Amino acid sequence: MRFKLELSENQILNLDNSTHQVLAIKRDDRIHPQISGNKYRKLKYNLEQAQAEGKRTLLTFGGAFSNHISAVAAVGKEFGFETIGVIRGEELVDKIATNPTLKFSESCGMRFKFVTREIFRVKMTEGFIRNLKKEFGDFYLIPEGGTNELAIKGCEEILSEDDFNYDYICCSVGTGGTISGIINASKPHQKILGFPALKGDFLREEISKFAQNSNWELITDYHFGGYAKINPELISFMNQFKADFGIPLDPVYTGKLMFGVMDLLHQGYFPKDAKILVVHTGGLQGISGMNTVLKKRQMPLIS
Ligand SMILES: *Cc1c(COP(=O)(O)O)cnc(C)c1O
């Protein structure tokens, strides 16, 4: 399976302070225009597995603005799979045209099944999956957010040889798949800091299931009230960051991550000579969807 990826380079930020710290951003957001960052990493070996099993269709789950839904739709088109997205929220059925994520996914050929929040909660039960197979025929199932063993194997490829020079590696955490891959690939002298984009303590346990090393920690102070919650302070930070460094951030994951890293830097959390690598996991497709929400709420927009 051939797939051309742009090189994901580390971009060093000019920190303009008197410490000897190095802060670099791994631009995994740039590996592909549509299938950005960790969502591609997580799909890579699942696609190979689906092909090996002779599956023609990929089925997965997600919310209205899901980076994962958008990535599955795009890889389906690129690799010749049919794709089905089971979407949380029945009301979205007639909002496809005004929802950038769903509109893009549909343009890639994805078919949708919109379900209530109650049904979405039980989406992985045997009965529900059996009904999906009756409706759509056989498929390769990818969990919501894309995290499984093969996804973690893909995320073990995020770090390259040069990255072992860094003392800290920071990344955003949703389901914990990405950080688990990074932890498994890291060296013992490195510390992996995860910044959850949502509230809740279940993540430590999730990550412990997959992570083979213990050189990691979660920083839980920067979720901004929960998943996809946002406030003017975060928006203003993201816009300023883009203006200062030319790097766009997404509102759900990497914006919160970067806000957290910068805040810790200012607080003196990192030692004087620390070399810090922040993984930009992509997610930029979510900006326009978030902006439609912000506009309705008459809040400042993401630039
Ligand atoms: C999905 C996503 C994450 C979270 O990845 P997990 O493997 O679920 O922890 C982080 N950043 C971006 C941009 C994402 O789309």
# chains A, B, ... in the order shown; residues from 1 in each chain; ligands from 1
>>> residues_near_ligand(ligand="ligand 1", cutoff="9 Å", atoms="only C-alpha atoms and all ligand atoms", output="number ranges by chain")
A: 29, 36-39, 42, 66-68, 144-147, 151-152, 155, 171-181, 194, 196-197, 249-254, 257, 279-284, 286
>>> write_last_selection(atoms="N, CA and C atoms", output="short mmCIF file (atom, residue, chain, number, x, y, z; two decimals), in the first residue's frame")
data_model
loop_
_atom_site.label_atom_id
_atom_site.label_comp_id
_atom_site.auth_asym_id
_atom_site.auth_seq_id
_atom_site.Cartn_x
_atom_site.Cartn_y
_atom_site.Cartn_z
N ASP A 29 0.81 17.78 11.56
CA ASP A 29 -0.38 18.31 10.89
C ASP A 29 -0.15 18.45 9.39
N SER A 36 -4.79 14.27 8.31
CA SER A 36 -3.68 14.90 9.02
C SER A 36 -3.32 14.18 10.31
N GLY A 37 -2.08 14.30 10.65
CA GLY A 37 -1.59 13.98 11.98
C GLY A 37 -1.89 12.57 12.45
N ASN A 38 -2.28 12.48 13.69
CA ASN A 38 -2.37 11.16 14.32
C ASN A 38 -3.48 10.30 13.72
N LYS A 39 -4.48 10.90 13.10
CA LYS A 39 -5.56 10.07 12.56
C LYS A 39 -5.04 9.21 11.41
N LYS A 42 -3.00 6.38 13.02
CA LYS A 42 -3.83 5.35 13.65
C LYS A 42 -4.51 4.45 12.62
N SER A 66 -15.95 15.44 13.95
CA SER A 66 -14.88 14.50 14.25
C SER A 66 -13.74 14.47 13.22
N ASN A 67 -12.52 14.66 13.71
CA ASN A 67 -11.34 14.52 12.84
C ASN A 67 -11.22 13.09 12.34
N HIS A 68 -11.63 12.16 13.16
CA HIS A 68 -11.52 10.74 12.82
C HIS A 68 -12.47 10.37 11.67
N GLU A 144 -14.56 4.30 17.64
CA GLU A 144 -14.61 5.76 17.70
C GLU A 144 -13.23 6.28 18.11
N GLY A 145 -12.74 7.29 17.42
CA GLY A 145 -11.42 7.83 17.74
C GLY A 145 -10.29 7.00 17.17
N GLY A 146 -10.61 5.79 16.72
CA GLY A 146 -9.62 4.98 15.98
C GLY A 146 -8.63 4.20 16.82
N THR A 147 -8.80 4.20 18.15
CA THR A 147 -7.77 3.55 18.97
C THR A 147 -7.98 2.05 19.13
N ALA A 151 -3.63 0.80 15.85
CA ALA A 151 -3.50 2.25 15.86
C ALA A 151 -2.27 2.65 16.68
N ILE A 152 -2.06 1.95 17.77
CA ILE A 152 -0.91 2.27 18.63
C ILE A 152 0.39 1.93 17.93
N CYS A 155 1.13 4.78 15.79
CA CYS A 155 1.59 5.95 16.54
C CYS A 155 3.01 5.76 17.08
N CYS A 171 2.09 15.88 24.15
CA CYS A 171 1.06 15.64 23.13
C CYS A 171 -0.31 15.75 23.77
N SER A 172 -1.29 15.93 22.90
CA SER A 172 -2.67 15.99 23.35
C SER A 172 -3.21 14.58 23.53
N VAL A 173 -4.20 14.44 24.40
CA VAL A 173 -4.78 13.13 24.69
C VAL A 173 -6.29 13.17 24.53
N GLY A 174 -6.81 12.24 23.71
CA GLY A 174 -8.26 12.06 23.58
C GLY A 174 -8.64 10.71 24.14
N THR A 175 -8.42 9.67 23.34
CA THR A 175 -8.65 8.31 23.83
C THR A 175 -7.40 7.71 24.46
N GLY A 176 -6.24 8.32 24.21
CA GLY A 176 -4.99 7.83 24.78
C GLY A 176 -4.17 6.95 23.84
N GLY A 177 -4.65 6.73 22.63
CA GLY A 177 -3.93 5.88 21.68
C GLY A 177 -2.62 6.51 21.23
N THR A 178 -2.68 7.77 20.90
CA THR A 178 -1.50 8.45 20.38
C THR A 178 -0.38 8.50 21.41
N ILE A 179 -0.71 8.91 22.62
CA ILE A 179 0.33 9.00 23.65
C ILE A 179 0.90 7.61 23.95
N SER A 180 0.07 6.58 23.88
CA SER A 180 0.57 5.23 24.16
C SER A 180 1.64 4.83 23.15
N GLY A 181 1.40 5.14 21.88
CA GLY A 181 2.40 4.85 20.85
C GLY A 181 3.69 5.62 21.09
N GLY A 194 1.24 14.13 28.73
CA GLY A 194 -0.02 14.13 27.99
C GLY A 194 -0.95 15.20 28.53
N PRO A 196 -4.75 16.00 28.46
CA PRO A 196 -6.08 15.55 28.07
C PRO A 196 -6.96 16.72 27.60
N ALA A 197 -7.70 16.47 26.52
CA ALA A 197 -8.62 17.46 25.97
C ALA A 197 -10.01 17.31 26.58
N LEU A 249 -3.36 26.14 15.06
CA LEU A 249 -3.69 25.11 16.05
C LEU A 249 -5.18 24.79 15.93
N ASP A 250 -5.58 23.61 16.35
CA ASP A 250 -7.00 23.28 16.30
C ASP A 250 -7.62 23.54 17.69
N PRO A 251 -8.93 23.84 17.72
CA PRO A 251 -9.55 24.25 18.99
C PRO A 251 -9.78 23.12 20.00
N VAL A 252 -9.84 21.87 19.53
CA VAL A 252 -10.23 20.77 20.41
C VAL A 252 -9.02 20.14 21.12
N TYR A 253 -7.92 20.03 20.40
CA TYR A 253 -6.76 19.32 20.96
C TYR A 253 -5.50 20.19 21.07
N THR A 254 -4.94 20.54 19.91
CA THR A 254 -3.60 21.13 19.93
C THR A 254 -3.58 22.56 20.49
N LEU A 257 -3.34 21.99 24.19
CA LEU A 257 -2.00 21.45 24.46
C LEU A 257 -0.97 22.58 24.48
N VAL A 279 4.14 17.62 19.95
CA VAL A 279 3.64 16.95 18.74
C VAL A 279 2.35 17.62 18.29
N HIS A 280 2.39 18.20 17.09
CA HIS A 280 1.17 18.78 16.50
C HIS A 280 0.44 17.65 15.78
N THR A 281 -0.64 17.19 16.38
CA THR A 281 -1.34 16.00 15.86
C THR A 281 -2.35 16.35 14.78
N GLY A 282 -2.41 17.60 14.35
CA GLY A 282 -3.30 17.95 13.24
C GLY A 282 -4.65 18.45 13.73
N GLY A 283 -5.72 17.97 13.08
CA GLY A 283 -7.06 18.36 13.52
C GLY A 283 -7.54 19.69 12.97
N LEU A 284 -6.81 20.25 12.02
CA LEU A 284 -7.15 21.59 11.55
C LEU A 284 -8.46 21.63 10.78
N GLY A 286 -11.14 20.81 11.83
CA GLY A 286 -12.18 21.16 12.80
C GLY A 286 -12.38 22.65 13.00
#
>>> residues_around(residues="Leu59 (chain A)", least_positions_apart="4", cutoff="12 Å", atoms="only C-alpha atoms", output="CSV table (one decimal) with C-alpha atoms, in the first residue's frame")
chain,number,residue,atom,x,y,z
A,46,ASN,CA,-5.8,-0.9,10.2
A,47,LEU,CA,-6.0,-0.3,6.4
A,50,ALA,CA,-8.7,-4.6,6.3
A,55,LYS,CA,-12.9,-6.2,3.5
A,68,HIS,CA,-11.5,10.7,12.8
A,69,ILE,CA,-14.7,10.6,10.7
A,72,VAL,CA,-11.7,7.7,7.5
A,73,ALA,CA,-13.7,9.2,4.7
A,76,GLY,CA,-11.5,5.3,2.0
A,81,PHE,CA,-12.8,1.4,0.5
A,82,GLU,CA,-16.4,2.1,0.9
A,83,THR,CA,-16.9,4.1,4.1
A,84,ILE,CA,-19.8,4.3,6.6
A,85,GLY,CA,-19.9,6.9,9.4
A,86,VAL,CA,-22.3,6.3,12.3
A,87,ILE,CA,-22.8,9.8,13.6
A,110,MET,CA,-18.9,8.3,3.0
A,111,ARG,CA,-22.4,7.2,3.7
A,112,PHE,CA,-23.9,8.2,7.1
A,113,LYS,CA,-26.2,6.6,9.7
A,123,LYS,CA,-22.8,1.4,19.6
A,124,MET,CA,-20.2,-1.3,20.4
A,129,ILE,CA,-23.1,-4.3,15.4
A,132,LEU,CA,-25.3,-2.6,11.2
A,133,LYS,CA,-24.1,-5.7,9.3
A,135,GLU,CA,-28.0,-2.9,7.0
A,136,PHE,CA,-24.6,-2.4,5.3
A,137,GLY,CA,-23.2,-5.9,4.7
A,138,ASP,CA,-19.8,-7.0,6.0
A,139,PHE,CA,-17.3,-4.3,7.1
A,140,TYR,CA,-14.0,-3.7,8.9
A,141,LEU,CA,-14.9,-2.0,12.2
A,142,ILE,CA,-12.8,0.9,13.5
A,143,PRO,CA,-13.7,2.1,17.0
A,144,GLU,CA,-14.6,5.8,17.7
A,146,GLY,CA,-9.6,5.0,16.0
>>> select_by_dssp(residues="region 119-226 of chain A", states="helix (DSSP H, G or I)", output="ChimeraX atom specification")
/A:119-121,126-136,144-146,149-155,161-165,177-185,202-210
>>> closest_residue(among="A:Ile25, A:Ala228, A:Met238, A:Val278", to="Phe65 (chain A)", atoms="only C-alpha atoms")
A:Ala228
>>> residues_around(residues="region 119-121 of chain A", least_positions_apart="6", cutoff="9 Å", atoms="only C-alpha atoms", output="tab-separated table (two decimals) with N, CA, C and O atoms, in the first residue's frame")
chain	number	residue	atom	x	y	z
A	61	PHE	N	-17.33	5.39	13.91
A	61	PHE	CA	-18.26	6.21	14.67
A	61	PHE	C	-17.64	7.57	14.99
A	61	PHE	O	-16.42	7.67	15.14
A	62	GLY	N	-18.49	8.58	15.15
A	62	GLY	CA	-17.94	9.87	15.56
A	62	GLY	C	-18.99	10.95	15.72
A	62	GLY	O	-20.15	10.77	15.34
A	86	VAL	N	-21.11	6.25	11.38
A	86	VAL	CA	-22.25	6.29	12.29
A	86	VAL	C	-22.06	7.53	13.16
A	86	VAL	O	-21.07	7.63	13.90
A	87	ILE	N	-22.99	8.47	13.02
A	87	ILE	CA	-22.79	9.81	13.59
A	87	ILE	C	-23.71	10.05	14.78
A	87	ILE	O	-24.92	9.74	14.72
A	88	ARG	N	-23.14	10.62	15.86
A	88	ARG	CA	-23.92	10.95	17.07
A	88	ARG	C	-24.80	12.17	16.81
A	88	ARG	O	-24.28	13.25	16.50
A	89	GLY	N	-26.10	11.99	16.93
A	89	GLY	CA	-27.02	13.12	16.77
A	89	GLY	C	-27.93	12.95	15.55
A	89	GLY	O	-27.50	13.18	14.43
A	128	PHE	N	-26.15	-4.23	18.32
A	128	PHE	CA	-26.12	-3.08	17.44
A	128	PHE	C	-25.22	-3.33	16.23
A	128	PHE	O	-25.58	-3.02	15.09
>>> atom_distance(atom1="CA of Phe210 (chain A)", atom2="CA of Glu157 (chain A)")
15.2 Å
>>> closest_residue(among="A:Lys103, A:Lys134, A:Lys199, A:Lys153", to="Tyr40 (chain A)", atoms="only C-alpha atoms")
A:Lys153
>>> atom_distance(atom1="CA of Leu265 (chain A)", atom2="CA of Ile182 (chain A)")
21.5 Å
>>> atom_distance(atom1="CA of Phe114 (chain A)", atom2="CA of Glu90 (chain A)")
4.9 Å
